file protein_19.cif (mmCIF, C-alpha atoms)
data_coords
loop_
_atom_site.label_atom_id
_atom_site.label_comp_id
_atom_site.auth_asym_id
_atom_site.auth_seq_id
_atom_site.Cartn_x
_atom_site.Cartn_y
_atom_site.Cartn_z
CA MET A 139 102.89 85.64 87.94
CA VAL A 140 104.42 84.52 91.21
CA SER A 141 104.20 88.05 92.45
CA ILE A 142 100.40 88.09 92.27
CA ASN A 143 100.22 84.88 94.29
CA ASN A 144 102.51 86.45 96.85
CA GLN A 145 100.25 89.43 96.86
CA LEU A 146 97.25 87.25 97.50
CA SER A 147 98.78 85.32 100.37
CA GLU A 148 100.24 88.47 101.81
CA LYS A 149 96.83 90.07 101.85
CA LYS A 150 95.37 87.16 103.72
CA VAL A 151 98.12 87.12 106.34
CA THR A 152 97.84 90.79 107.18
CA GLU A 153 94.10 91.15 107.07
CA LYS A 154 94.18 94.65 108.49
CA GLU A 155 96.19 96.12 105.65
CA ILE A 156 94.04 97.69 103.04
CA VAL A 157 95.20 97.11 99.46
CA VAL A 158 94.68 99.94 96.98
CA ALA A 159 95.54 99.52 93.29
CA LEU A 160 96.52 102.44 91.11
CA ALA A 161 95.48 102.04 87.46
CA GLY A 162 95.45 104.45 84.55
CA ASN A 163 96.61 105.23 81.03
CA PRO A 164 100.29 105.94 80.46
CA ASN A 165 101.30 109.56 81.16
CA THR A 166 98.41 110.48 83.43
CA GLY A 167 100.60 111.24 86.43
CA LYS A 168 99.91 107.86 88.01
CA SER A 169 103.41 107.54 89.40
CA THR A 170 103.31 111.14 90.65
CA ILE A 171 100.22 110.24 92.65
CA PHE A 172 101.93 107.08 93.84
CA ASN A 173 104.99 109.00 95.00
CA ALA A 174 102.93 111.77 96.57
CA LEU A 175 100.82 109.31 98.57
CA THR A 176 103.62 107.01 99.68
CA GLY A 177 106.44 109.54 99.97
CA LEU A 178 108.62 107.55 97.59
CA LYS A 179 110.81 109.60 95.35
CA GLN A 180 112.14 107.00 92.97
CA HIS A 181 110.23 105.76 89.99
CA THR A 182 109.98 102.04 89.48
CA GLY A 183 109.43 101.30 85.84
CA ASN A 184 107.00 98.67 84.71
CA TRP A 185 108.13 96.98 81.58
CA PRO A 186 107.26 93.80 79.78
CA GLY A 187 109.52 90.92 80.57
CA LYS A 188 110.00 87.92 82.73
CA THR A 189 110.36 89.65 86.04
CA VAL A 190 107.58 92.07 86.61
CA SER A 191 107.53 94.09 89.75
CA TYR A 192 104.92 96.58 90.75
CA ALA A 193 105.99 99.63 92.62
CA ARG A 194 104.51 99.21 96.07
CA GLY A 195 104.35 101.59 98.96
CA ASN A 196 102.50 102.29 102.16
CA TYR A 197 100.74 105.21 103.71
CA VAL A 198 98.79 105.76 106.87
CA HIS A 199 95.51 107.64 106.87
CA ARG A 200 92.95 108.01 109.65
CA GLY A 201 95.13 105.69 111.71
CA LYS A 202 94.90 102.84 109.18
CA SER A 203 97.61 101.30 107.08
CA PHE A 204 97.14 101.23 103.32
CA VAL A 205 99.27 99.35 100.77
CA LEU A 206 99.36 101.13 97.41
CA VAL A 207 100.22 99.09 94.30
CA ASP A 208 101.18 100.96 91.12
CA LEU A 209 99.98 98.93 88.13
CA PRO A 210 101.45 99.29 84.64
CA GLY A 211 99.96 102.16 82.63
CA THR A 212 97.48 100.73 80.11
CA TYR A 213 94.83 101.91 77.66
CA SER A 214 92.72 98.84 78.26
CA LEU A 215 92.06 96.02 80.68
CA LEU A 216 91.54 93.43 77.99
CA ALA A 217 94.92 91.69 78.15
CA ASN A 218 96.19 92.66 74.70
CA SER A 219 99.68 92.97 76.15
CA ILE A 220 101.65 91.71 79.13
CA ASP A 221 101.08 95.04 80.92
CA GLU A 222 97.34 94.77 80.48
CA LEU A 223 97.43 91.16 81.60
CA ILE A 224 99.22 92.16 84.80
CA ALA A 225 96.81 95.01 85.50
CA ARG A 226 93.79 92.82 84.81
CA ASP A 227 94.99 89.87 86.86
CA PHE A 228 95.82 92.10 89.79
CA ILE A 229 92.42 93.78 89.77
CA CYS A 230 90.53 90.51 89.26
CA PHE A 231 92.46 88.03 91.33
CA ALA A 232 94.42 89.95 93.96
CA LYS A 233 91.18 91.85 94.58
CA PRO A 234 92.36 95.18 95.90
CA ASP A 235 89.96 96.78 98.38
CA VAL A 236 89.83 99.87 96.19
CA THR A 237 91.08 100.64 92.69
CA ILE A 238 91.97 104.20 91.80
CA VAL A 239 91.69 104.98 88.10
CA VAL A 240 93.91 107.96 87.37
CA THR A 241 92.75 109.94 84.35
CA ASP A 242 94.17 112.87 82.40
CA ALA A 243 91.76 115.81 82.65
CA THR A 244 92.96 117.12 79.27
CA ASN A 245 91.90 113.95 77.49
CA LEU A 246 89.01 112.28 79.29
CA ILE A 247 87.60 110.78 76.11
CA ARG A 248 90.66 108.55 75.85
CA ASN A 249 91.01 107.89 79.56
CA LEU A 250 87.45 106.97 80.46
CA ASN A 251 87.63 103.87 78.27
CA LEU A 252 89.85 102.21 80.86
CA ALA A 253 87.69 103.53 83.71
CA LEU A 254 84.59 101.96 82.15
CA GLN A 255 86.37 98.64 81.69
CA ILE A 256 87.56 98.58 85.29
CA MET A 257 84.06 99.51 86.51
CA GLU A 258 82.72 96.44 84.73
CA ALA A 259 85.14 94.21 86.64
CA THR A 260 84.90 95.72 90.12
CA ASN A 261 82.58 98.02 92.05
CA ASN A 262 85.14 99.52 94.39
CA VAL A 263 86.50 102.24 92.15
CA VAL A 264 87.38 105.87 92.64
CA VAL A 265 88.22 108.01 89.61
CA ALA A 266 90.94 110.62 90.05
CA ILE A 267 90.83 113.41 87.48
CA ASN A 268 94.46 114.45 87.45
CA LEU A 269 96.30 117.27 85.67
CA LEU A 270 93.41 119.64 86.36
CA ASP A 271 95.85 122.58 86.16
CA GLU A 272 96.91 121.65 82.63
CA ALA A 273 93.29 121.23 81.63
CA GLU A 274 92.49 124.68 82.96
CA ARG A 275 95.34 126.15 80.94
CA LYS A 276 93.81 124.56 77.86
CA GLY A 277 90.41 125.99 78.75
CA ILE A 278 88.94 122.63 79.74
CA ILE A 279 86.63 122.64 82.74
CA VAL A 280 85.66 119.27 84.18
CA ASN A 281 82.33 119.04 85.96
CA ILE A 282 83.44 116.63 88.68
CA ASP A 283 80.03 116.30 90.36
CA LYS A 284 78.25 115.60 87.11
CA LEU A 285 80.83 113.00 86.11
CA SER A 286 80.53 111.34 89.51
CA GLU A 287 76.77 111.23 89.14
CA LYS A 288 76.98 109.74 85.64
CA LEU A 289 79.57 107.11 86.53
CA GLY A 290 77.93 106.20 89.84
CA LEU A 291 81.32 106.46 91.55
CA PRO A 292 83.23 108.98 93.62
CA VAL A 293 85.32 111.27 91.41
CA VAL A 294 88.11 113.40 92.87
CA GLY A 295 89.91 116.22 91.08
CA THR A 296 93.67 116.28 91.67
CA VAL A 297 96.84 118.12 90.76
CA ALA A 298 99.25 115.49 92.06
CA ARG A 299 102.43 117.51 91.67
CA ASN A 300 101.01 120.21 94.00
CA GLN A 301 99.42 117.64 96.33
CA MET A 302 96.03 119.13 95.48
CA GLY A 303 93.12 116.79 96.11
CA LEU A 304 95.19 114.00 97.60
CA ASN A 305 93.69 114.25 101.09
CA ARG A 306 90.27 114.12 99.56
CA LEU A 307 91.40 111.07 97.57
CA LYS A 308 92.62 109.31 100.72
CA ASP A 309 89.36 110.15 102.53
CA THR A 310 87.37 108.77 99.61
CA ILE A 311 89.37 105.52 99.51
CA ASP A 312 88.75 105.02 103.22
CA ASP A 313 85.07 105.85 102.82
CA ILE A 314 84.77 103.09 100.21
CA VAL A 315 86.54 100.61 102.51
CA THR A 316 84.27 101.47 105.45
CA LYS A 317 81.23 101.49 103.12
CA LYS A 318 80.46 105.06 104.03
CA ILE A 319 80.40 105.55 100.27
CA VAL A 320 78.52 102.87 98.38
CA THR A 321 79.33 102.87 94.68
CA ASN A 322 76.84 102.04 91.97
CA PRO A 323 78.90 101.91 88.77
CA LEU A 324 77.22 102.75 85.50
CA LYS A 325 76.27 99.55 83.74
CA ILE A 326 77.02 99.46 80.04
CA HIS A 327 74.18 97.98 78.03
CA TYR A 328 75.09 96.00 74.96
CA PRO A 329 72.98 95.16 71.92
CA PRO A 330 70.11 92.69 72.63
CA GLU A 331 71.83 89.65 71.14
CA ILE A 332 74.85 90.15 73.40
CA GLU A 333 72.70 90.83 76.47
CA GLN A 334 70.80 87.63 75.75
CA LYS A 335 74.01 85.59 75.55
CA ILE A 336 75.13 87.10 78.85
CA GLN A 337 71.81 86.06 80.41
CA GLU A 338 72.23 82.54 79.11
CA MET A 339 75.76 82.20 80.45
CA THR A 340 75.29 83.86 83.83
CA PRO A 341 73.81 80.96 85.86
CA GLU A 342 76.58 78.59 84.80
CA LEU A 343 79.26 81.19 85.45
CA GLU A 344 77.84 82.01 88.87
CA ASN A 345 78.26 78.34 89.68
CA ILE A 346 81.86 78.27 88.54
CA LEU A 347 82.97 81.62 89.91
CA LYS A 348 81.25 81.39 93.31
CA GLY A 349 81.27 85.13 93.81
CA GLU A 350 84.99 85.45 93.11
CA LEU A 351 84.50 87.36 89.87
CA ASN A 352 81.66 89.31 88.32
CA PRO A 353 79.84 86.78 86.06
CA ARG A 354 78.63 89.47 83.65
CA TRP A 355 82.15 90.66 83.08
CA VAL A 356 83.51 87.15 82.59
CA ALA A 357 80.67 86.39 80.15
CA LEU A 358 81.62 89.45 78.09
CA ARG A 359 85.26 88.40 77.94
CA ILE A 360 84.33 84.89 76.84
CA LEU A 361 82.01 86.26 74.16
CA GLU A 362 84.89 88.39 72.99
CA GLY A 363 87.02 85.26 72.66
CA ASP A 364 89.52 86.25 75.36
CA LYS A 365 91.34 83.03 76.23
CA THR A 366 93.82 84.67 78.60
CA LEU A 367 91.10 85.20 81.20
CA ILE A 368 90.23 81.51 81.16
CA ASP A 369 93.90 80.68 81.73
CA SER A 370 94.03 83.13 84.63
CA ILE A 371 90.83 81.78 86.17
CA LYS A 372 92.35 78.30 86.07
CA GLN A 373 95.60 79.60 87.51
CA TYR A 374 94.23 81.65 90.38
CA LEU A 375 90.89 80.23 91.29
CA VAL A 376 92.02 76.58 90.97
CA TYR A 377 88.90 74.57 90.40
CA LYS A 378 89.85 70.95 90.53
CA GLU A 379 86.53 69.38 89.65
CA ILE A 380 85.41 71.69 86.92
CA ASP A 381 87.03 71.84 83.54
CA ILE A 382 86.60 75.51 82.68
CA LYS A 383 87.45 74.95 79.03
CA GLY A 384 84.62 72.42 78.85
CA GLU A 385 82.24 74.97 80.31
CA VAL A 386 83.28 77.53 77.78
CA ALA A 387 82.77 75.12 74.94
CA LEU A 388 79.18 74.79 76.18
CA CYS A 389 78.72 78.53 76.26
CA HIS A 390 79.68 78.89 72.63
CA MET B 299 83.18 114.78 53.26
CA ALA B 300 82.16 113.71 49.78
CA ASN B 301 85.52 111.97 49.40
CA LYS B 302 85.66 108.26 49.03
CA PRO B 303 87.02 106.53 52.14
CA LEU B 304 90.49 105.07 51.80
CA PRO B 305 92.85 103.05 54.00
CA LEU B 306 94.62 105.08 56.69
CA SER B 307 97.92 103.64 55.44
CA ASN B 308 97.42 105.60 52.17
CA LEU B 309 97.36 109.02 53.87
CA ALA B 310 100.43 111.26 53.50
CA VAL B 311 102.37 112.68 56.44
CA GLY B 312 100.79 115.90 57.70
CA THR B 313 97.30 115.04 56.53
CA LYS B 314 94.28 113.99 58.57
CA GLY B 315 91.45 111.56 58.15
CA LYS B 316 88.18 110.89 59.89
CA VAL B 317 87.57 107.23 60.67
CA GLU B 318 84.66 105.70 58.81
CA SER B 319 85.04 102.04 59.71
CA ILE B 320 87.40 99.29 60.83
CA LEU B 321 87.44 96.36 58.45
CA ILE B 322 88.65 93.61 60.75
CA ASP B 323 87.31 91.68 63.74
CA GLY B 324 88.85 90.05 66.75
CA LEU B 325 91.79 91.09 68.85
CA LEU B 326 93.19 93.70 66.48
CA ARG B 327 89.82 95.43 66.22
CA ARG B 328 89.52 95.46 70.01
CA ARG B 329 93.06 96.84 70.27
CA LEU B 330 92.34 99.62 67.78
CA LEU B 331 89.11 100.55 69.57
CA ASP B 332 91.00 100.71 72.88
CA LEU B 333 93.57 103.00 71.29
CA GLY B 334 90.80 105.42 70.30
CA VAL B 335 90.27 104.35 66.69
CA VAL B 336 86.48 104.54 66.59
CA PRO B 337 84.19 105.80 63.85
CA GLY B 338 84.34 109.61 63.86
CA SER B 339 87.85 109.84 65.40
CA VAL B 340 90.18 112.24 63.61
CA ILE B 341 93.62 110.76 63.00
CA GLU B 342 96.65 112.79 61.93
CA VAL B 343 99.64 111.21 60.22
CA VAL B 344 102.62 112.57 62.15
CA ARG B 345 105.69 110.79 60.83
CA VAL B 346 106.95 107.65 59.18
CA SER B 347 109.87 105.65 60.56
CA PRO B 348 113.04 105.55 58.40
CA ASN B 349 112.24 102.21 56.80
CA GLY B 350 108.68 103.23 56.05
CA ASP B 351 106.91 101.17 58.71
CA PRO B 352 105.51 101.71 61.34
CA THR B 353 103.92 105.15 61.11
CA ALA B 354 103.17 107.47 64.04
CA TYR B 355 99.59 108.71 64.23
CA LEU B 356 98.08 111.28 66.55
CA ILE B 357 94.90 109.68 67.87
CA LYS B 358 92.81 111.44 70.49
CA GLY B 359 95.76 113.22 72.03
CA ALA B 360 98.23 110.32 72.07
CA LEU B 361 100.91 109.43 69.56
CA ILE B 362 100.34 105.82 68.52
CA GLY B 363 102.56 103.75 66.23
CA LEU B 364 100.70 101.50 63.82
CA ARG B 365 102.09 99.13 61.24
CA GLU B 366 100.94 99.28 57.67
CA ASN B 367 99.21 95.92 58.02
CA GLU B 368 97.20 97.41 60.91
CA ALA B 369 96.51 100.83 59.41
CA LYS B 370 95.32 99.37 56.11
CA HIS B 371 92.23 97.98 57.86
CA ILE B 372 91.12 101.45 58.98
CA LEU B 373 89.01 103.30 56.42
CA VAL B 374 89.12 107.10 56.66
CA HIS B 375 87.71 110.13 54.89
CA PRO B 376 90.61 112.49 54.14
CA ILE B 377 89.98 115.96 55.60
#

call {"tool": "encode", "arguments": {"input": "protein_19.cif", "output": "structure tokens"}}
result
Amino acid sequence: MVSINNQLSEKKVTEKEIVVALAGNPNTGKSTIFNALTGLKQHTGNWPGKTVSYARGNYVHRGKSFVLVDLPGTYSLLANSIDELIARDFICFAKPDVTIVVTDATNLIRNLNLALQIMEATNNVVVAINLLDEAERKGIIVNIDKLSEKLGLPVVGTVARNQMGLNRLKDTIDDIVTKKIVTNPLKIHYPPEIEQKIQEMTPELENILKGELNPRWVALRILEGDKTLIDSIKQYLVYKEIDIKGEVALCH
Amino acid sequence: MANKPLPLSNLAVGTKGKVESILIDGLLRRRLLDLGVVPGSVIEVVRVSPNGDPTAYLIKGALIGLRENEAKHILVHPI
């Protein structure tokens, strides 16, 4: 996890660099988008193991420098595997300025699960609907505007291997950074008993998290029994006076 | 759809089932939901590894390997 700490300190040193994370299911063309945006040709694999490196690259758009970080391809952000843990910790604790969720236009039902999970953790999200050409061949037409309206986020259609939509994607990322686009991600409503628990936990969590993480999202993870998030909060947010485990015991 | 639901692990290669319910809670349930195993999903049994476990299933457009001790918790209606 050293690499995330490096990432954090690096971000603070070079305040002007804008950090953009690239998330998505496996096989959505994530790395193709990465290579197309950064001009890198080689593919850096992400695999479970001791040394985990993200593929990182830079691009310049509208005279600004952007750092693009390619996260491991995952189906979920719930830390079921080392890949998911890496993706989650990066999004939550390295706090990229914008997260791109790359989705496969031919299989949105599978892909939007991850998008919804990321939208619960952070507001600064743009959804890229990739492989639009393949979808068209299969007779699938994606209503981009409608999807954008429903999700409360900018949605950009892309065909990464032909560079289609990538300028629009870069514009959109910059518009989120400059707050020209203000996102309002769809909020998932849970059954009343869960919503009530969230309400009960929120004030305490707001105290602990001090705006660093979305309390609603953390409450949901705790209710789900996700201990890895508590470990990561301890690791990255370093609260010396508060025993997070103790707090959680109270919440249950 | 009048068939009685049975564990996904009982389906033969080449057949399909529609998910009725998932019988476990916790991390494995969450994992299965994330992989697209939700009530109403259609799952096709694609192939079985040489030693009989795990089995490859086609779930919502992705080939997913599940072990017998995972698949047995998924109740499906054969279709």

call {"tool": "residues_around", "arguments": {"input": "protein_19.cif", "residues": "Leu330 (chain B)", "least_positions_apart": "6", "cutoff": "9 Å", "atoms": "all atoms listed in the file", "output": "PyMOL selection string"}}
result
chain B and resi 320+336+368

call {"tool": "interface_residues", "arguments": {"input": "protein_19.cif", "of": "chain A", "to": "chain B", "cutoff": "9 Å", "atoms": "only C-alpha atoms", "output": "list in words"}}
result
Tyr213, Ser214, Leu216, Asn218, Thr244, Asn245, Ile247, Arg248, Asn251, Leu252, Glu362, Gly363 and Asp364 of chain A

call {"tool": "write_last_selection", "arguments": {"input": "protein_19.cif", "atoms": "C-alpha atoms", "output": "compact mmCIF listing (two decimals), in the frame of the given file"}}
result
# COMPACT_ATOMS: atom_id res chain seq x y z
CA TYR A 213 94.83 101.91 77.66
CA SER A 214 92.72 98.84 78.26
CA LEU A 216 91.54 93.43 77.99
CA ASN A 218 96.19 92.66 74.70
CA THR A 244 92.96 117.12 79.27
CA ASN A 245 91.90 113.95 77.49
CA ILE A 247 87.60 110.78 76.11
CA ARG A 248 90.66 108.55 75.85
CA ASN A 251 87.63 103.87 78.27
CA LEU A 252 89.85 102.21 80.86
CA GLU A 362 84.89 88.39 72.99
CA GLY A 363 87.02 85.26 72.66
CA ASP A 364 89.52 86.25 75.36

call {"tool": "residues_around", "arguments": {"input": "protein_19.cif", "residues": "Arg306 (chain A)", "least_positions_apart": "6", "cutoff": "9 Å", "atoms": "only C-alpha atoms", "output": "PDB file with C-alpha atoms, in the coordinates of the input"}}
result
ATOM      1  CA  VAL A 294      88.110 113.400  92.870  1.00  0.00           C
ATOM      2  CA  GLY A 295      89.910 116.220  91.080  1.00  0.00           C
ATOM      3  CA  THR A 296      93.670 116.280  91.670  1.00  0.00           C
TER       4      THR A 296
END

call {"tool": "resolve_selection", "arguments": {"input": "protein_19.cif", "expression": "the PyMOL selection byres ((chain A and resi 365) around 12)", "output": "VMD selection string"}}
result
(chain A and resid 216 to 218 223 356 to 364 366 to 372 382 to 383 386 to 387) or (chain B and resid 325)

call {"tool": "write_last_selection", "arguments": {"input": "protein_19.cif", "atoms": "C-alpha atoms", "output": "PDB file, in the frame of the given file"}}
result
ATOM      1  CA  LEU A 216      91.540  93.430  77.990  1.00  0.00           C
ATOM      2  CA  ALA A 217      94.920  91.690  78.150  1.00  0.00           C
ATOM      3  CA  ASN A 218      96.190  92.660  74.700  1.00  0.00           C
ATOM      4  CA  LEU A 223      97.430  91.160  81.600  1.00  0.00           C
ATOM      5  CA  VAL A 356      83.510  87.150  82.590  1.00  0.00           C
ATOM      6  CA  ALA A 357      80.670  86.390  80.150  1.00  0.00           C
ATOM      7  CA  LEU A 358      81.620  89.450  78.090  1.00  0.00           C
ATOM      8  CA  ARG A 359      85.260  88.400  77.940  1.00  0.00           C
ATOM      9  CA  ILE A 360      84.330  84.890  76.840  1.00  0.00           C
ATOM     10  CA  LEU A 361      82.010  86.260  74.160  1.00  0.00           C
ATOM     11  CA  GLU A 362      84.890  88.390  72.990  1.00  0.00           C
ATOM     12  CA  GLY A 363      87.020  85.260  72.660  1.00  0.00           C
ATOM     13  CA  ASP A 364      89.520  86.250  75.360  1.00  0.00           C
ATOM     14  CA  THR A 366      93.820  84.670  78.600  1.00  0.00           C
ATOM     15  CA  LEU A 367      91.100  85.200  81.200  1.00  0.00           C
ATOM     16  CA  ILE A 368      90.230  81.510  81.160  1.00  0.00           C
ATOM     17  CA  ASP A 369      93.900  80.680  81.730  1.00  0.00           C
ATOM     18  CA  SER A 370      94.030  83.130  84.630  1.00  0.00           C
ATOM     19  CA  ILE A 371      90.830  81.780  86.170  1.00  0.00           C
ATOM     20  CA  LYS A 372      92.350  78.300  86.070  1.00  0.00           C
ATOM     21  CA  ILE A 382      86.600  75.510  82.680  1.00  0.00           C
ATOM     22  CA  LYS A 383      87.450  74.950  79.030  1.00  0.00           C
ATOM     23  CA  VAL A 386      83.280  77.530  77.780  1.00  0.00           C
ATOM     24  CA  ALA A 387      82.770  75.120  74.940  1.00  0.00           C
TER      25      ALA A 387
ATOM     26  CA  LEU B 325      91.790  91.090  68.850  1.00  0.00           C
TER      27      LEU B 325
END

call {"tool": "resolve_selection", "arguments": {"input": "protein_19.cif", "expression": "the PyMOL selection byres ((chain B and resi 356) around 10)", "output": "PyMOL selection string"}}
result
chain B and resi 314+340-345+354-355+357-363

call {"tool": "resolve_selection", "arguments": {"input": "protein_19.cif", "expression": "the PyMOL selection byres ((chain A and resi 227) around 12)", "output": "ChimeraX atom specification"}}
result
/A:139-143,145-146,159,209-210,215-217,220-226,228-234,256,259,351,366-375

call {"tool": "atom_distance", "arguments": {"input": "protein_19.cif", "atom1": "CA of His327 (chain A)", "atom2": "CA of Leu250 (chain A)"}}
result
16.2 Å

call {"tool": "axis_aligned_box", "arguments": {"input": "protein_19.cif", "around": "region 342-357 of chain B", "padding_each_side": "4 Å", "output": "AutoDock Vina command-line options"}}
result
--center_x 104.0 --center_y 107.0 --center_z 62.0 --size_x 26.1 --size_y 19.6 --size_z 19.8

call {"tool": "residues_around", "arguments": {"input": "protein_19.cif", "residues": "Pro164 (chain A)", "least_positions_apart": "5", "cutoff": "10 Å", "atoms": "only C-alpha atoms", "output": "PDB file with C-alpha atoms, keeping the file's coordinate frame"}}
result
ATOM      1  CA  SER A 169     103.410 107.540  89.400  1.00  0.00           C
ATOM      2  CA  PRO A 210     101.450  99.290  84.640  1.00  0.00           C
ATOM      3  CA  GLY A 211      99.960 102.160  82.630  1.00  0.00           C
ATOM      4  CA  THR A 212      97.480 100.730  80.110  1.00  0.00           C
ATOM      5  CA  TYR A 213      94.830 101.910  77.660  1.00  0.00           C
ATOM      6  CA  VAL A 240      93.910 107.960  87.370  1.00  0.00           C
ATOM      7  CA  THR A 241      92.750 109.940  84.350  1.00  0.00           C
ATOM      8  CA  ASP A 242      94.170 112.870  82.400  1.00  0.00           C
ATOM      9  CA  ASN A 249      91.010 107.890  79.560  1.00  0.00           C
TER      10      ASN A 249
ATOM     11  CA  ALA B 360      98.230 110.320  72.070  1.00  0.00           C
TER      12      ALA B 360
END

call {"tool": "closest_residue", "arguments": {"input": "protein_19.cif", "among": "A:Ala273, A:Met257, A:Val158, A:Leu175", "to": "Arg354 (chain A)", "atoms": "only C-alpha atoms"}}
result
A:Met257

call {"tool": "atom_distance", "arguments": {"input": "protein_19.cif", "atom1": "CA of Tyr197 (chain A)", "atom2": "CA of Thr170 (chain A)"}}
result
14.6 Å

call {"tool": "atom_distance", "arguments": {"input": "protein_19.cif", "atom1": "CA of Asp312 (chain A)", "atom2": "CA of Gly177 (chain A)"}}
result
18.5 Å

call {"tool": "residues_near_point", "arguments": {"input": "protein_19.cif", "point": "(83.2, 115.8, 96.1)", "cutoff": "10 Å", "atoms": "all atoms listed in the file", "output": "JSON, numbers by chain"}}
result
{"A": [282, 283, 286, 292, 293, 294, 295, 303, 306, 307, 310]}

call {"tool": "residues_near_point", "arguments": {"input": "protein_19.cif", "point": "(81.8, 103.7, 88.3)", "cutoff": "7 Å", "atoms": "only C-alpha atoms", "output": "list in words"}}
result
Leu254, Met257, Asn261, Val263, Leu289, Gly290, Leu291, Thr321, Asn322, Pro323 and Leu324 of chain A

call {"tool": "residues_around", "arguments": {"input": "protein_19.cif", "residues": "Leu373 (chain B)", "least_positions_apart": "6", "cutoff": "6 Å", "atoms": "only C-alpha atoms", "output": "ChimeraX atom specification"}}
result
/B:303-306,317-319

call {"tool": "residues_around", "arguments": {"input": "protein_19.cif", "residues": "Ser307 (chain B)", "least_positions_apart": "3", "cutoff": "7 Å", "atoms": "only C-alpha atoms", "output": "number ranges by chain"}}
result
B: 366, 369-370

call {"tool": "decode", "arguments": {"input": "protein_19.cif", "residues": "region 219-235 of chain A", "atoms": "N, CA and C atoms", "output": "mmCIF file, in the first residue's frame"}}
result
data_model
loop_
_atom_site.group_PDB
_atom_site.id
_atom_site.type_symbol
_atom_site.label_atom_id
_atom_site.label_comp_id
_atom_site.auth_asym_id
_atom_site.auth_seq_id
_atom_site.Cartn_x
_atom_site.Cartn_y
_atom_site.Cartn_z
ATOM 1 N N SER A 219 -11.588 -8.611 -3.193
ATOM 2 C CA SER A 219 -10.311 -9.131 -3.657
ATOM 3 C C SER A 219 -9.275 -8.020 -3.561
ATOM 4 N N ILE A 220 -8.015 -8.385 -3.737
ATOM 5 C CA ILE A 220 -6.941 -7.392 -3.626
ATOM 6 C C ILE A 220 -7.121 -6.292 -4.681
ATOM 7 N N ASP A 221 -7.567 -6.669 -5.879
ATOM 8 C CA ASP A 221 -7.795 -5.675 -6.929
ATOM 9 C C ASP A 221 -8.851 -4.653 -6.516
ATOM 10 N N GLU A 222 -9.922 -5.167 -5.933
ATOM 11 C CA GLU A 222 -11.005 -4.279 -5.514
ATOM 12 C C GLU A 222 -10.561 -3.395 -4.361
ATOM 13 N N LEU A 223 -9.730 -3.966 -3.499
ATOM 14 C CA LEU A 223 -9.204 -3.203 -2.375
ATOM 15 C C LEU A 223 -8.363 -2.029 -2.885
ATOM 16 N N ILE A 224 -7.525 -2.310 -3.867
ATOM 17 C CA ILE A 224 -6.666 -1.272 -4.448
ATOM 18 C C ILE A 224 -7.520 -0.181 -5.085
ATOM 19 N N ALA A 225 -8.496 -0.590 -5.880
ATOM 20 C CA ALA A 225 -9.352 0.377 -6.565
ATOM 21 C C ALA A 225 -10.102 1.224 -5.534
ATOM 22 N N ARG A 226 -10.658 0.548 -4.525
ATOM 23 C CA ARG A 226 -11.412 1.284 -3.514
ATOM 24 C C ARG A 226 -10.532 2.250 -2.735
ATOM 25 N N ASP A 227 -9.373 1.764 -2.287
ATOM 26 C CA ASP A 227 -8.510 2.628 -1.490
ATOM 27 C C ASP A 227 -8.030 3.823 -2.302
ATOM 28 N N PHE A 228 -7.771 3.598 -3.575
ATOM 29 C CA PHE A 228 -7.322 4.732 -4.393
ATOM 30 C C PHE A 228 -8.426 5.780 -4.502
ATOM 31 N N ILE A 229 -9.625 5.319 -4.812
ATOM 32 C CA ILE A 229 -10.736 6.262 -4.988
ATOM 33 C C ILE A 229 -11.062 6.969 -3.675
ATOM 34 N N CYS A 230 -11.011 6.245 -2.559
ATOM 35 C CA CYS A 230 -11.406 6.829 -1.276
ATOM 36 C C CYS A 230 -10.318 7.657 -0.620
ATOM 37 N N PHE A 231 -9.077 7.201 -0.721
ATOM 38 C CA PHE A 231 -8.039 7.830 0.097
ATOM 39 C C PHE A 231 -7.041 8.655 -0.712
ATOM 40 N N ALA A 232 -6.789 8.297 -1.950
ATOM 41 C CA ALA A 232 -5.936 9.147 -2.782
ATOM 42 C C ALA A 232 -6.774 10.277 -3.367
ATOM 43 N N LYS A 233 -8.092 10.112 -3.324
ATOM 44 C CA LYS A 233 -9.028 11.153 -3.756
ATOM 45 C C LYS A 233 -8.697 11.783 -5.099
ATOM 46 N N PRO A 234 -8.824 11.034 -6.154
ATOM 47 C CA PRO A 234 -8.616 11.626 -7.476
ATOM 48 C C PRO A 234 -9.605 12.783 -7.693
ATOM 49 N N ASP A 235 -9.205 13.763 -8.494
ATOM 50 C CA ASP A 235 -10.093 14.888 -8.763
ATOM 51 C C ASP A 235 -11.328 14.434 -9.530
#
